Structure formats: C-alpha cells, structure tokens
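Inspection log for the structure reproduced underneath, given as structure tokens.
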Amino acid sequence: MDAVMSDALVLFGATGDLAYKKIYPALYGLVRRGQFDIALICVARSGWDVERMRARIRDSLENHGSIDEAAFAKLSGMLRYVDGDYQDAATFGRLCEALGDAQKPVFYLAIPPSMFPPVVESISKLKCAAGGRIVVEKPFGRDLASAQSLNRTLHKYFDEAAIFRIDHYLGKEAVQNLMYFRFSNTFLEPIWNRNYVKSVQITMAENFGVEGRGRFYEEVGAVRDVVQNHLLQVIAILAMEPPVGAGSEPLRDEKAKVFRGIRPLTGHSLVRGQYRGYRNEPGVAADSQVETFAAMQIHLDSWRWEGVPFYIRTGKHLPITATEILVTLRHPPQKVFVDVALEPANYVRFRLGPDQVAIALGANVKMPGTSMAGDRVELHVCKVKGDEMDAYERLIGDAIKGDATLFARQDSVELAWHIVDTILGMETPVYEYEAGSWGPIEANMMIAGVGGWHSPKREA
Ligand code: BG6
C-alpha cells in the first residue's frame with residue numbers, strides 16, 4: 001500500500017446526484033471525525049460559482065440529517081470551485097491553479113463513464129498527475145468488453161495501484177463484519193466447506209421500484225445493477241480462502257480466485273422477472289424486457305465448495321428492504337430423535353442491513369416437557385442498528401489514505417463480468433410479478449431441493 005495521504009480531493013460531477021446524495025454527507029462525516037482536512041475542489045460544467053456550490057452542499061447535508069455548523073464551516077472553508085467544460089483545456093488550467101502545490105490529489109470521477117477518456121487524459125497532463133489517485137464509480141462498463149476498454153483507458157495514464165473502483169457494498173459495516181466473523185473465529189473454519197454446508201443463499205430485496213431512474217435502469221437491469229458487482233462481491237467474501245497475510249493484495253487475490261472458480265451463468269440457472277407497472281415508469285419502454293428481479297444458481301468449482309449450490313435472488317418492489325445471507329448446514333447424519341415436525345434448523349444467518357445488521361446461529365433445542373420434541377432457536381452473535389459508518393465515508397477516507405483493500409481490482413471486475421456476460425444478451429423469459437410479492441413463482445423451482453428461499457423478515 002502506498003500509504004502517503006492525499007493532499008486534495010478533486011470532485012468531477014460536483015453538482016450531480018451522486019455527489020449530492022452520497023459524497024457530501026460522507027465528506028461531512030469525515031470532517032466530524034477529524035479525518036478530512038484537505039482542499040476540496042469541486043468541478044462541474046453547470047455555470048455555477050463557489051457560493052452556489054456551497055449552498056448546494058448545505059442543502060445536501062440538511063437533506064441527510066441535521067447540520068453541525070462548526071463542521072460545516074470547516075468543510076466549506078476547504079471548498080474551491082472550478083467551472084467549465086471537461087473537454088476544454090482552460091478548465092484544467094483553472095483546476096491546476098486551484099490545486100496549487102498539491103502533490104497527491106485524489107481525482108473522483110462522479111461523471112458518466114463516456115466522459116472518462118477526455119477527463120483522464122486531461123488529468124494526466126496536470127503537473128501533480130504522477131502522484132494522483134483516480135476514484136471511479138460503478139458501473140465499470142456494461143459487459144466484459146466495455147469493462148476491458150474502460151480499464152485500458154484508465155491504464156493508459158494511471159497504474160492499477162492508483163485506481164480505486166468504488167463498489168459501495170464493500171464499504172458497508174455489515175460486509176466488513178462478515179469478513180471479520182469468518183476469519184477470526186476458529187469454530188467456523190472446520191464447518192465452512194462442502195462437508196458441512198448444504199447450500200448458501202443471498203437475498204437482496206428492495207421494497208421500492210426504480211424511483212425515477214427508469215432511463216438508467218433500462219440500460220442496466222438487475223443483473224448488471226447489483227449482481228455483477230455487489231452480490232458477487234458478497235459471495236467472494238463468503239467463499240474465499242483466508243488471505244495469506246495482511247494488506248490489500250492478499251485479500252484481493254483470494255477474491256479474484258473465487259471469481260475464477262465460478263462457472264459462467266447459463267440461461268438454465270437464471271429466472272428473470274419484472275414487476276407489474278415497471279413499463280409505465282418514466283423512461284421505460286412499453287415493451288421493455290429488462291429484469292427488475294433475478295434469481296440464479298451459482299456453481300463454484302473449488303476444493304472447498306464443490307457441489308454446494310449458491311443462490312442469489314434480488315428484486316425491486318419486493319415485500320421488504322433487506323439483504324440477508326443464509327448458510328444452511330447439512331442434517332446430522334442420523335435421526336436420533338423421531339421428531340417429524342421439526343426440520344433441523346442448523347444455519348448461520350447474516351443480515352446485512354439496512355435497518356439491522358445481525359449475525360445469528362440457528363439451532364434446535366428440546367422443548368420443555370415429557371416428549372423429546374424440539375424447538376428452533378436463534379442465537380444472536382451480534383445485532384446492531386444500521387450502519388455505524390456510512391459506506392461512502394469509509395471508502396473515501398480509504399482512498400485518501402491510499403488503502404485499496406475495499407476497492408474492486410481490475411481482474412475481479414473483469415472476472416465478474418465474465419461470469420454474467422453469457423446471460424446479458426440472452427433472451428430468456430421475463431416473468432411478470434406483483435409489486436409487493438417475492439417475485440415470479442418460477443424462481444422457486446430452482447431452490448426447492450434445498451428447502452426453498454429464505455425470505456428476510458422485519459427484525460424485532
Ligand atoms: C446501487 C444500485 O448500486 O445499489 C441500486 O444501483 C440499489 O439500484 C443500491 O438500490 C442498493 O444499495 P444500498 O446501499 O442502498 O443497499
């Protein structure tokens with residue numbers, strides 16, 4: 001890790017939606033923790049001035065929660081604003097002036113990927129470019145070929161070590177805890193394999209639709225939007241071998257190995273769905289075939305996981321907003337108690353949020369009374385409210401420090417595209433489902449053999 005702290009943050013796309021919703025609240029959070037005290041140079045092509053930019057940041061923070069005036073004053077004291085077209089050399093001339101003596105700025109590209117080539121090229125000509133870091137947002141391409149082309153563009157001017165690809169799932173407290181729990185508990189290791197695990201399933205459910213993002217979603221669909229990135233990253237953390245040593249690369253090596261072992265998806269292992277009413281959303285085609293729901297089985301070819309099915313299910317307009325993993329253990333080898341009413345409930349459950357973050361162990365105990373009848377209980381290993389630190393706050397802080405551990409590396413991004421690439425252009429059926437349901441019933445067939453889908457519930 002190149003541990004030199006950055007000395008400026010340059011934000012392209014400073015007047016955009018992402019900056020408003022995520023980046024300013026994260027920077028403000030860092031200021032409050034005393035972890036952000038470098039120049040913030042906002043760049044946009046909106047014809048604004050620094051006062052308007054400052055007002056927009058205040059608005060963003062007010063929308064996010066209450067404002068601590070002292071922290072806001074600190075953040076706004078660091079603010080500079082550069083306006084101009086991204087294709088115009090004069091814009092970068094002004095940026096250079098604003099950067100002053102900065103040697104190691106972070107350049108955050110919160111702009112559409114189509115703008116990356118001219119912007120990255122102009123950044124590379126700045127005098128401080130050699131020490132610079134580039135932060136890019138998902139989507140990293142829309143298939144394997146475009147991801148490779150995007151990576152080529154970035155690598156033309158910057159080394160991989162200077163590129164930080166944000167997948168905000170990796171910055172979530174609950175996802176961090178998943179990794180921590182896996183690699184800091186001896187009791188888990190002997191059972192975390194094909195000999196004891198029967199199946200693994202992940203449900204990422206959202207109880208809302210595309211929320212005005214219809215035009216964007218039409219280009220994407222559930223597989224590109226959350227499976228290729230967030231959910232495959234979660235599988236990598238669940239399935240990976242322990243990293244050989246500390247630091248970012250051993251960990252990212254192990255994740256890449258998991259992706260290498262996942263077979264490319266086929267139409268047989270996929271069920272796509274679309275909520276009724278999606279086609280009436282603004283920006284959506286009347287005959288759209290884009291999926292707002294996807295369920296699939298993943299085959300992982302590895303010594304540890306051979307034969308263990310991994311399932312993913314995600315969808316918009318499902319009954320609840322929650323992401324949950326269920327690792328179901330095999331039945332005990334013999335039935336000592338004739339207890340037909342009870343299916344053994346041996347499992348590990350991870351609730352990744354958003355309202356609750358929990359790790360729970362499912363077990364069977366004897367019900368008080370004369371018969372040897374069982375009861376299912378759940379032991380909570382941890383149960384906390386929400387995310388203690390916002391994912392963006394953590395990730396921006398890490399990029400400033402130069403710690404790439406929680407960022408997606410080029411090989412992993414491309415390997416993940418390789419896994420889904422086969423199904424992207426495939427015309428598999430898109431089944432309609434009612435908003436508020438658990439998606440099309442066709443998705444139930446694939447998982448019937450291991451007891452069906454586990455649907456996350458509202459936590460008490
Ligand atoms: C984004 C997707 O990457 O992740 C959205 O584009 C999705 O469609 C979001 O809603 C979910 O993230 P979170 O952190 O809100 O669970």
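Chain lettering (A, B, ...) mirrors the order of the structure tokens, residue numbering begins at 1 for each chain separately, and ligand numbering begins at 1 in order of display.
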Contacts of A:Glu249 at 8 Å (only C-alpha atoms; same-chain gap of 3+ positions) as a list in words: Arg252, Asp253 and Thr405 of chain A
Shell of 7 Å around ligand 1 (only C-alpha atoms and all ligand atoms), written as a count of residues only: 5
Expected answer as a list in words: strand (DSSP E or B) residues in stretch 251-344 of chain A: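 Taking stretch 251-344 of chain A and keeping strand (DSSP E or B) gives Ile262, Leu270, Val271, Arg272, Gly273, Gln274, Tyr275, Phe293, Ala294, Ala295, Met296, Gln297, Ile298, Leu300, Phe310, Tyr311, Ile312, Arg313, Thr314, Gly315, Ala322, Thr323, Glu324, Ile325, Leu326, Val327, Thr328 and Leu329 of chain A.
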I need the chosen residues saved as a compact mmCIF listing (two decimals), in the first residue's frame, with N, CA and C atoms.
# COMPACT_ATOMS: atom_id res chain seq x y z
N ILE A 262 -15.93 -19.56 -10.41
CA ILE A 262 -17.39 -19.55 -10.65
C ILE A 262 -17.65 -19.79 -12.13
N LEU A 270 -31.01 -19.31 -14.47
CA LEU A 270 -31.46 -17.93 -14.26
C LEU A 270 -32.97 -17.80 -14.44
N VAL A 271 -33.61 -17.07 -13.53
CA VAL A 271 -35.02 -16.69 -13.72
C VAL A 271 -35.08 -15.17 -13.62
N ARG A 272 -35.66 -14.55 -14.66
CA ARG A 272 -35.77 -13.10 -14.64
C ARG A 272 -37.22 -12.69 -14.45
N GLY A 273 -37.45 -11.58 -13.78
CA GLY A 273 -38.81 -11.11 -13.57
C GLY A 273 -38.90 -9.60 -13.73
N GLN A 274 -40.12 -9.12 -13.85
CA GLN A 274 -40.33 -7.66 -13.98
C GLN A 274 -41.60 -7.31 -13.20
N TYR A 275 -41.53 -6.31 -12.33
CA TYR A 275 -42.74 -6.01 -11.55
C TYR A 275 -43.79 -5.35 -12.43
N PHE A 293 -36.00 -8.18 -11.43
CA PHE A 293 -35.84 -9.29 -10.48
C PHE A 293 -34.97 -10.33 -11.18
N ALA A 294 -34.07 -10.92 -10.43
CA ALA A 294 -33.28 -12.01 -10.98
C ALA A 294 -32.98 -13.01 -9.88
N ALA A 295 -33.11 -14.29 -10.23
CA ALA A 295 -32.73 -15.35 -9.28
C ALA A 295 -31.87 -16.32 -10.06
N MET A 296 -30.82 -16.79 -9.42
CA MET A 296 -29.91 -17.67 -10.16
C MET A 296 -29.16 -18.60 -9.22
N GLN A 297 -28.67 -19.66 -9.82
CA GLN A 297 -27.80 -20.56 -9.07
C GLN A 297 -26.38 -20.38 -9.57
N ILE A 298 -25.47 -20.32 -8.64
CA ILE A 298 -24.06 -20.14 -8.96
C ILE A 298 -23.34 -21.46 -8.66
N LEU A 300 -19.73 -23.10 -8.00
CA LEU A 300 -18.38 -22.70 -7.67
C LEU A 300 -17.48 -23.93 -7.73
N PHE A 310 -24.89 -22.26 -4.55
CA PHE A 310 -25.03 -20.87 -4.07
C PHE A 310 -26.17 -20.26 -4.88
N TYR A 311 -27.10 -19.61 -4.20
CA TYR A 311 -28.23 -18.98 -4.88
C TYR A 311 -28.23 -17.48 -4.60
N ILE A 312 -28.63 -16.75 -5.64
CA ILE A 312 -28.77 -15.30 -5.47
C ILE A 312 -30.19 -14.93 -5.90
N ARG A 313 -30.81 -14.05 -5.13
CA ARG A 313 -32.12 -13.53 -5.55
C ARG A 313 -32.13 -12.03 -5.24
N THR A 314 -32.53 -11.25 -6.20
CA THR A 314 -32.63 -9.80 -5.95
C THR A 314 -33.81 -9.24 -6.71
N GLY A 315 -34.41 -8.21 -6.18
CA GLY A 315 -35.51 -7.61 -6.92
C GLY A 315 -35.96 -6.29 -6.34
N ALA A 322 -34.16 -5.45 2.52
CA ALA A 322 -33.22 -6.15 3.41
C ALA A 322 -32.31 -7.02 2.56
N THR A 323 -31.07 -7.15 2.99
CA THR A 323 -30.16 -8.10 2.35
C THR A 323 -29.78 -9.13 3.39
N GLU A 324 -29.94 -10.38 3.03
CA GLU A 324 -29.71 -11.43 4.01
C GLU A 324 -29.05 -12.63 3.35
N ILE A 325 -28.14 -13.25 4.11
CA ILE A 325 -27.46 -14.47 3.65
C ILE A 325 -27.87 -15.59 4.58
N LEU A 326 -28.16 -16.75 4.01
CA LEU A 326 -28.42 -17.91 4.85
C LEU A 326 -27.49 -19.04 4.42
N VAL A 327 -26.64 -19.46 5.34
CA VAL A 327 -25.75 -20.59 5.09
C VAL A 327 -26.36 -21.77 5.84
N THR A 328 -26.93 -22.71 5.10
CA THR A 328 -27.63 -23.83 5.73
C THR A 328 -26.69 -25.02 5.86
N LEU A 329 -26.65 -25.58 7.07
CA LEU A 329 -25.75 -26.73 7.30
C LEU A 329 -26.48 -28.04 7.00
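Coordinates place atom CA of A:Ile57 at a distance of 25.1 Å from atom CA of A:Gln87.
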Alpha helix (DSSP H) positions in stretch 116-259 of chain A, given as a ChimeraX atom specification: /A:116-124,144-157,173-183,214-218,221-222,232-239,248-259
For A:Gln233, the nearest of the candidates A:Gln176, A:Ser66, A:Ser6, A:Thr186, counting only C-alpha atoms: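 Smallest separation from A:Gln233 among the options: A:Gln176.
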Atomic distance atom CA of A:Phe216 - atom CA of A:Gly386, expressed in Å with one decimal: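 Separating atom CA of A:Phe216 from atom CA of A:Gly386 is a distance of 27.8 Å.
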Surrounding residues of stretch 415-429 of chain A excluding itself and chain neighbours under 4 positions, 9 Å, only C-alpha atoms, as a PyMOL selection string: chain A and resi 141-145+147+223-224+227-229+232-233+256+259-260+262-268+270-273+289+410-411
Selection near A:Ala399, 9 Å with only C-alpha atoms, sequence-local residues under 4 positions removed, as a list in words: Met5, Ser6, Val106, Arg133, Ile134, Val135, Phe164, Arg394, Leu395, Asp403, Ala404 and Phe407 of chain A
Selection file, N, CA and C atoms, as a compact mmCIF listing (two decimals), in the first residue's frame:
# COMPACT_ATOMS: atom_id res chain seq x y z
N MET A 5 -0.71 10.10 2.46
CA MET A 5 -2.04 10.72 2.45
C MET A 5 -2.18 11.68 1.27
N SER A 6 -3.36 11.70 0.69
CA SER A 6 -3.60 12.67 -0.37
C SER A 6 -3.71 14.06 0.23
N VAL A 106 -6.56 13.26 -4.95
CA VAL A 106 -7.48 12.22 -5.37
C VAL A 106 -8.43 12.86 -6.39
N ARG A 133 -4.38 9.96 -7.56
CA ARG A 133 -5.18 8.74 -7.48
C ARG A 133 -6.52 9.01 -8.17
N ILE A 134 -7.06 7.98 -8.81
CA ILE A 134 -8.33 8.15 -9.52
C ILE A 134 -9.39 7.29 -8.83
N VAL A 135 -10.51 7.90 -8.50
CA VAL A 135 -11.63 7.12 -7.94
C VAL A 135 -12.73 7.09 -8.99
N PHE A 164 -8.96 3.45 -7.89
CA PHE A 164 -9.84 3.00 -6.80
C PHE A 164 -11.26 2.90 -7.35
N ARG A 394 -16.39 5.62 4.66
CA ARG A 394 -15.27 4.71 4.84
C ARG A 394 -14.40 4.66 3.58
N LEU A 395 -15.07 4.54 2.41
CA LEU A 395 -14.33 4.35 1.16
C LEU A 395 -13.56 5.60 0.75
N ASP A 403 -5.48 3.33 0.75
CA ASP A 403 -5.72 1.92 1.10
C ASP A 403 -6.77 1.33 0.14
N ALA A 404 -6.31 0.39 -0.72
CA ALA A 404 -7.18 -0.13 -1.79
C ALA A 404 -7.94 -1.38 -1.39
N PHE A 407 -11.59 -1.79 -2.42
CA PHE A 407 -11.95 -1.36 -3.78
C PHE A 407 -11.80 -2.54 -4.74
One-decimal distance in Å that lies between atom CA of A:Ala90 and atom CA of A:Leu126: 11.9 Å
Close residues, A:Tyr180 itself excluded, 12 Å, only C-alpha atoms, min 3 positions apart in chain, as a list in words: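 Residues meeting the cut-off are Glu173, Ala174, Val175, Gln176, Asn177, Phe183, Ser184, Asn185, Thr186, Leu188, Ile237, Leu238, Pro242, Pro243 and Ile359 of chain A.
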Closest of A:Tyr81, A:Tyr28, A:Tyr108, A:Tyr157 to A:Val136 - atom-to-atom distances counting only C-alpha atoms: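 Answer, going by the shortest atom-to-atom distance: A:Tyr108.
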Residues near A:Ala360, cut-off 7 Å, only C-alpha atoms, skip fewer than 5 positions along chain, as a PyMOL selection string: chain A and resi 348-350+378-381
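Between A:Ile400 and the residues A:Ile123, A:Cys128, A:Ala162, A:Val290, the shortest atom-to-atom distance, using only C-alpha atoms, involves A:Ala162.
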Surrounding residues of A:Leu109 excluding itself and chain neighbours under 5 positions, 10 Å, only C-alpha atoms, as an mmCIF file with all heavy atoms, in the first residue's frame:
data_model
loop_
_atom_site.group_PDB
_atom_site.id
_atom_site.type_symbol
_atom_site.label_atom_id
_atom_site.label_comp_id
_atom_site.auth_asym_id
_atom_site.auth_seq_id
_atom_site.Cartn_x
_atom_site.Cartn_y
_atom_site.Cartn_z
ATOM 1 N N VAL A 10 -10.339 16.262 -5.654
ATOM 2 C CA VAL A 10 -10.948 16.950 -6.792
ATOM 3 C C VAL A 10 -12.181 16.147 -7.192
ATOM 4 O O VAL A 10 -12.070 14.967 -7.536
ATOM 5 C CB VAL A 10 -9.957 17.028 -7.977
ATOM 6 C CG1 VAL A 10 -10.608 17.762 -9.148
ATOM 7 C CG2 VAL A 10 -8.660 17.697 -7.550
ATOM 8 N N LEU A 11 -13.326 16.787 -7.134
ATOM 9 C CA LEU A 11 -14.572 16.064 -7.397
ATOM 10 C C LEU A 11 -15.180 16.518 -8.727
ATOM 11 O O LEU A 11 -15.703 17.637 -8.827
ATOM 12 C CB LEU A 11 -15.553 16.309 -6.243
ATOM 13 C CG LEU A 11 -16.938 15.700 -6.370
ATOM 14 C CD1 LEU A 11 -16.872 14.182 -6.519
ATOM 15 C CD2 LEU A 11 -17.794 16.067 -5.165
ATOM 16 N N PHE A 12 -15.083 15.651 -9.738
ATOM 17 C CA PHE A 12 -15.744 15.937 -11.010
ATOM 18 C C PHE A 12 -17.197 15.480 -10.907
ATOM 19 O O PHE A 12 -17.467 14.408 -10.372
ATOM 20 C CB PHE A 12 -15.056 15.178 -12.159
ATOM 21 C CG PHE A 12 -13.693 15.705 -12.491
ATOM 22 C CD1 PHE A 12 -12.568 15.213 -11.841
ATOM 23 C CD2 PHE A 12 -13.531 16.699 -13.443
ATOM 24 C CE1 PHE A 12 -11.310 15.699 -12.129
ATOM 25 C CE2 PHE A 12 -12.272 17.200 -13.740
ATOM 26 C CZ PHE A 12 -11.160 16.692 -13.082
ATOM 27 N N GLY A 13 -18.107 16.281 -11.454
ATOM 28 C CA GLY A 13 -19.528 15.927 -11.330
ATOM 29 C C GLY A 13 -20.071 16.440 -10.006
ATOM 30 O O GLY A 13 -20.977 15.851 -9.418
ATOM 31 N N ALA A 14 -19.510 17.574 -9.549
ATOM 32 C CA ALA A 14 -19.804 18.075 -8.196
ATOM 33 C C ALA A 14 -21.242 18.558 -8.027
ATOM 34 O O ALA A 14 -21.728 18.650 -6.904
ATOM 35 C CB ALA A 14 -18.832 19.206 -7.846
ATOM 36 N N VAL A 43 -15.562 20.358 -9.223
ATOM 37 C CA VAL A 43 -15.504 20.714 -10.648
ATOM 38 C C VAL A 43 -16.840 20.327 -11.275
ATOM 39 O O VAL A 43 -17.340 19.222 -11.044
ATOM 40 C CB VAL A 43 -14.354 19.961 -11.368
ATOM 41 C CG1 VAL A 43 -14.186 20.471 -12.804
ATOM 42 C CG2 VAL A 43 -13.048 20.083 -10.610
ATOM 43 N N MET A 115 -17.522 10.030 -20.270
ATOM 44 C CA MET A 115 -16.671 11.217 -20.096
ATOM 45 C C MET A 115 -15.271 10.868 -19.581
ATOM 46 O O MET A 115 -14.396 11.727 -19.518
ATOM 47 C CB MET A 115 -17.315 12.192 -19.096
ATOM 48 C CG MET A 115 -18.584 12.868 -19.548
ATOM 49 S SD MET A 115 -18.382 13.696 -21.140
ATOM 50 C CE MET A 115 -17.040 14.815 -20.769
ATOM 51 N N PHE A 116 -15.067 9.616 -19.197
ATOM 52 C CA PHE A 116 -13.770 9.255 -18.597
ATOM 53 C C PHE A 116 -12.572 9.558 -19.518
ATOM 54 O O PHE A 116 -11.604 10.163 -19.075
ATOM 55 C CB PHE A 116 -13.717 7.770 -18.201
ATOM 56 C CG PHE A 116 -14.522 7.404 -16.977
ATOM 57 C CD1 PHE A 116 -15.301 8.349 -16.317
ATOM 58 C CD2 PHE A 116 -14.508 6.111 -16.481
ATOM 59 C CE1 PHE A 116 -16.049 8.010 -15.193
ATOM 60 C CE2 PHE A 116 -15.248 5.755 -15.358
ATOM 61 C CZ PHE A 116 -16.019 6.711 -14.714
ATOM 62 N N VAL A 119 -11.455 13.236 -19.702
ATOM 63 C CA VAL A 119 -11.126 13.761 -18.372
ATOM 64 C C VAL A 119 -9.820 13.139 -17.860
ATOM 65 O O VAL A 119 -8.924 13.838 -17.385
ATOM 66 C CB VAL A 119 -12.295 13.531 -17.376
ATOM 67 C CG1 VAL A 119 -11.890 13.864 -15.948
ATOM 68 C CG2 VAL A 119 -13.505 14.366 -17.779
ATOM 69 N N VAL A 120 -9.707 11.808 -18.028
ATOM 70 C CA VAL A 120 -8.492 11.148 -17.517
ATOM 71 C C VAL A 120 -7.266 11.637 -18.293
ATOM 72 O O VAL A 120 -6.199 11.855 -17.720
ATOM 73 C CB VAL A 120 -8.627 9.609 -17.610
ATOM 74 C CG1 VAL A 120 -7.388 8.931 -17.068
ATOM 75 C CG2 VAL A 120 -9.824 9.146 -16.817
ATOM 76 N N ILE A 134 -7.064 7.982 -8.810
ATOM 77 C CA ILE A 134 -8.333 8.148 -9.523
ATOM 78 C C ILE A 134 -9.387 7.289 -8.829
ATOM 79 O O ILE A 134 -9.168 6.095 -8.620
ATOM 80 C CB ILE A 134 -8.197 7.649 -10.983
ATOM 81 C CG1 ILE A 134 -7.111 8.416 -11.729
ATOM 82 C CG2 ILE A 134 -9.517 7.708 -11.714
ATOM 83 C CD1 ILE A 134 -7.538 9.757 -12.246
ATOM 84 N N VAL A 135 -10.512 7.901 -8.498
ATOM 85 C CA VAL A 135 -11.629 7.124 -7.941
ATOM 86 C C VAL A 135 -12.729 7.087 -8.994
ATOM 87 O O VAL A 135 -13.130 8.132 -9.522
ATOM 88 C CB VAL A 135 -12.165 7.784 -6.652
ATOM 89 C CG1 VAL A 135 -13.421 7.067 -6.165
ATOM 90 C CG2 VAL A 135 -11.101 7.747 -5.563
ATOM 91 N N VAL A 136 -13.177 5.875 -9.339
ATOM 92 C CA VAL A 136 -14.285 5.763 -10.300
ATOM 93 C C VAL A 136 -15.433 5.000 -9.654
ATOM 94 O O VAL A 136 -15.252 4.198 -8.747
ATOM 95 C CB VAL A 136 -13.867 5.077 -11.634
ATOM 96 C CG1 VAL A 136 -12.958 5.966 -12.434
ATOM 97 C CG2 VAL A 136 -13.224 3.730 -11.406
ATOM 98 N N GLU A 137 -16.601 5.267 -10.168
ATOM 99 C CA GLU A 137 -17.840 4.712 -9.626
ATOM 100 C C GLU A 137 -18.318 3.581 -10.511
ATOM 101 O O GLU A 137 -18.058 3.575 -11.710
ATOM 102 C CB GLU A 137 -18.908 5.806 -9.679
ATOM 103 C CG GLU A 137 -18.930 6.709 -8.478
ATOM 104 C CD GLU A 137 -19.441 6.018 -7.235
ATOM 105 O OE1 GLU A 137 -20.183 5.040 -7.349
ATOM 106 O OE2 GLU A 137 -19.070 6.466 -6.132
#
Using only C-alpha atoms: which of A:Val357, A:Ala391, A:Val336, A:Gly277 has the shortest distance to A:Leu406: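 Ranking A:Val357, A:Ala391, A:Val336, A:Gly277 by distance to A:Leu406, first place goes to A:Ala391.
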Proximity to A:Arg33 - best of A:Arg279, A:Lys74, A:Lys457, A:Lys257, only C-alpha atoms: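 Among the listed residues, the smallest separation from A:Arg33 belongs to A:Lys74.
Comparing the minimum interatomic distances between A:Leu150 and each of A:Glu414, A:Asp390, A:Ala239, A:Ala363, counting only C-alpha atoms, we find that A:Glu414 sits nearest.
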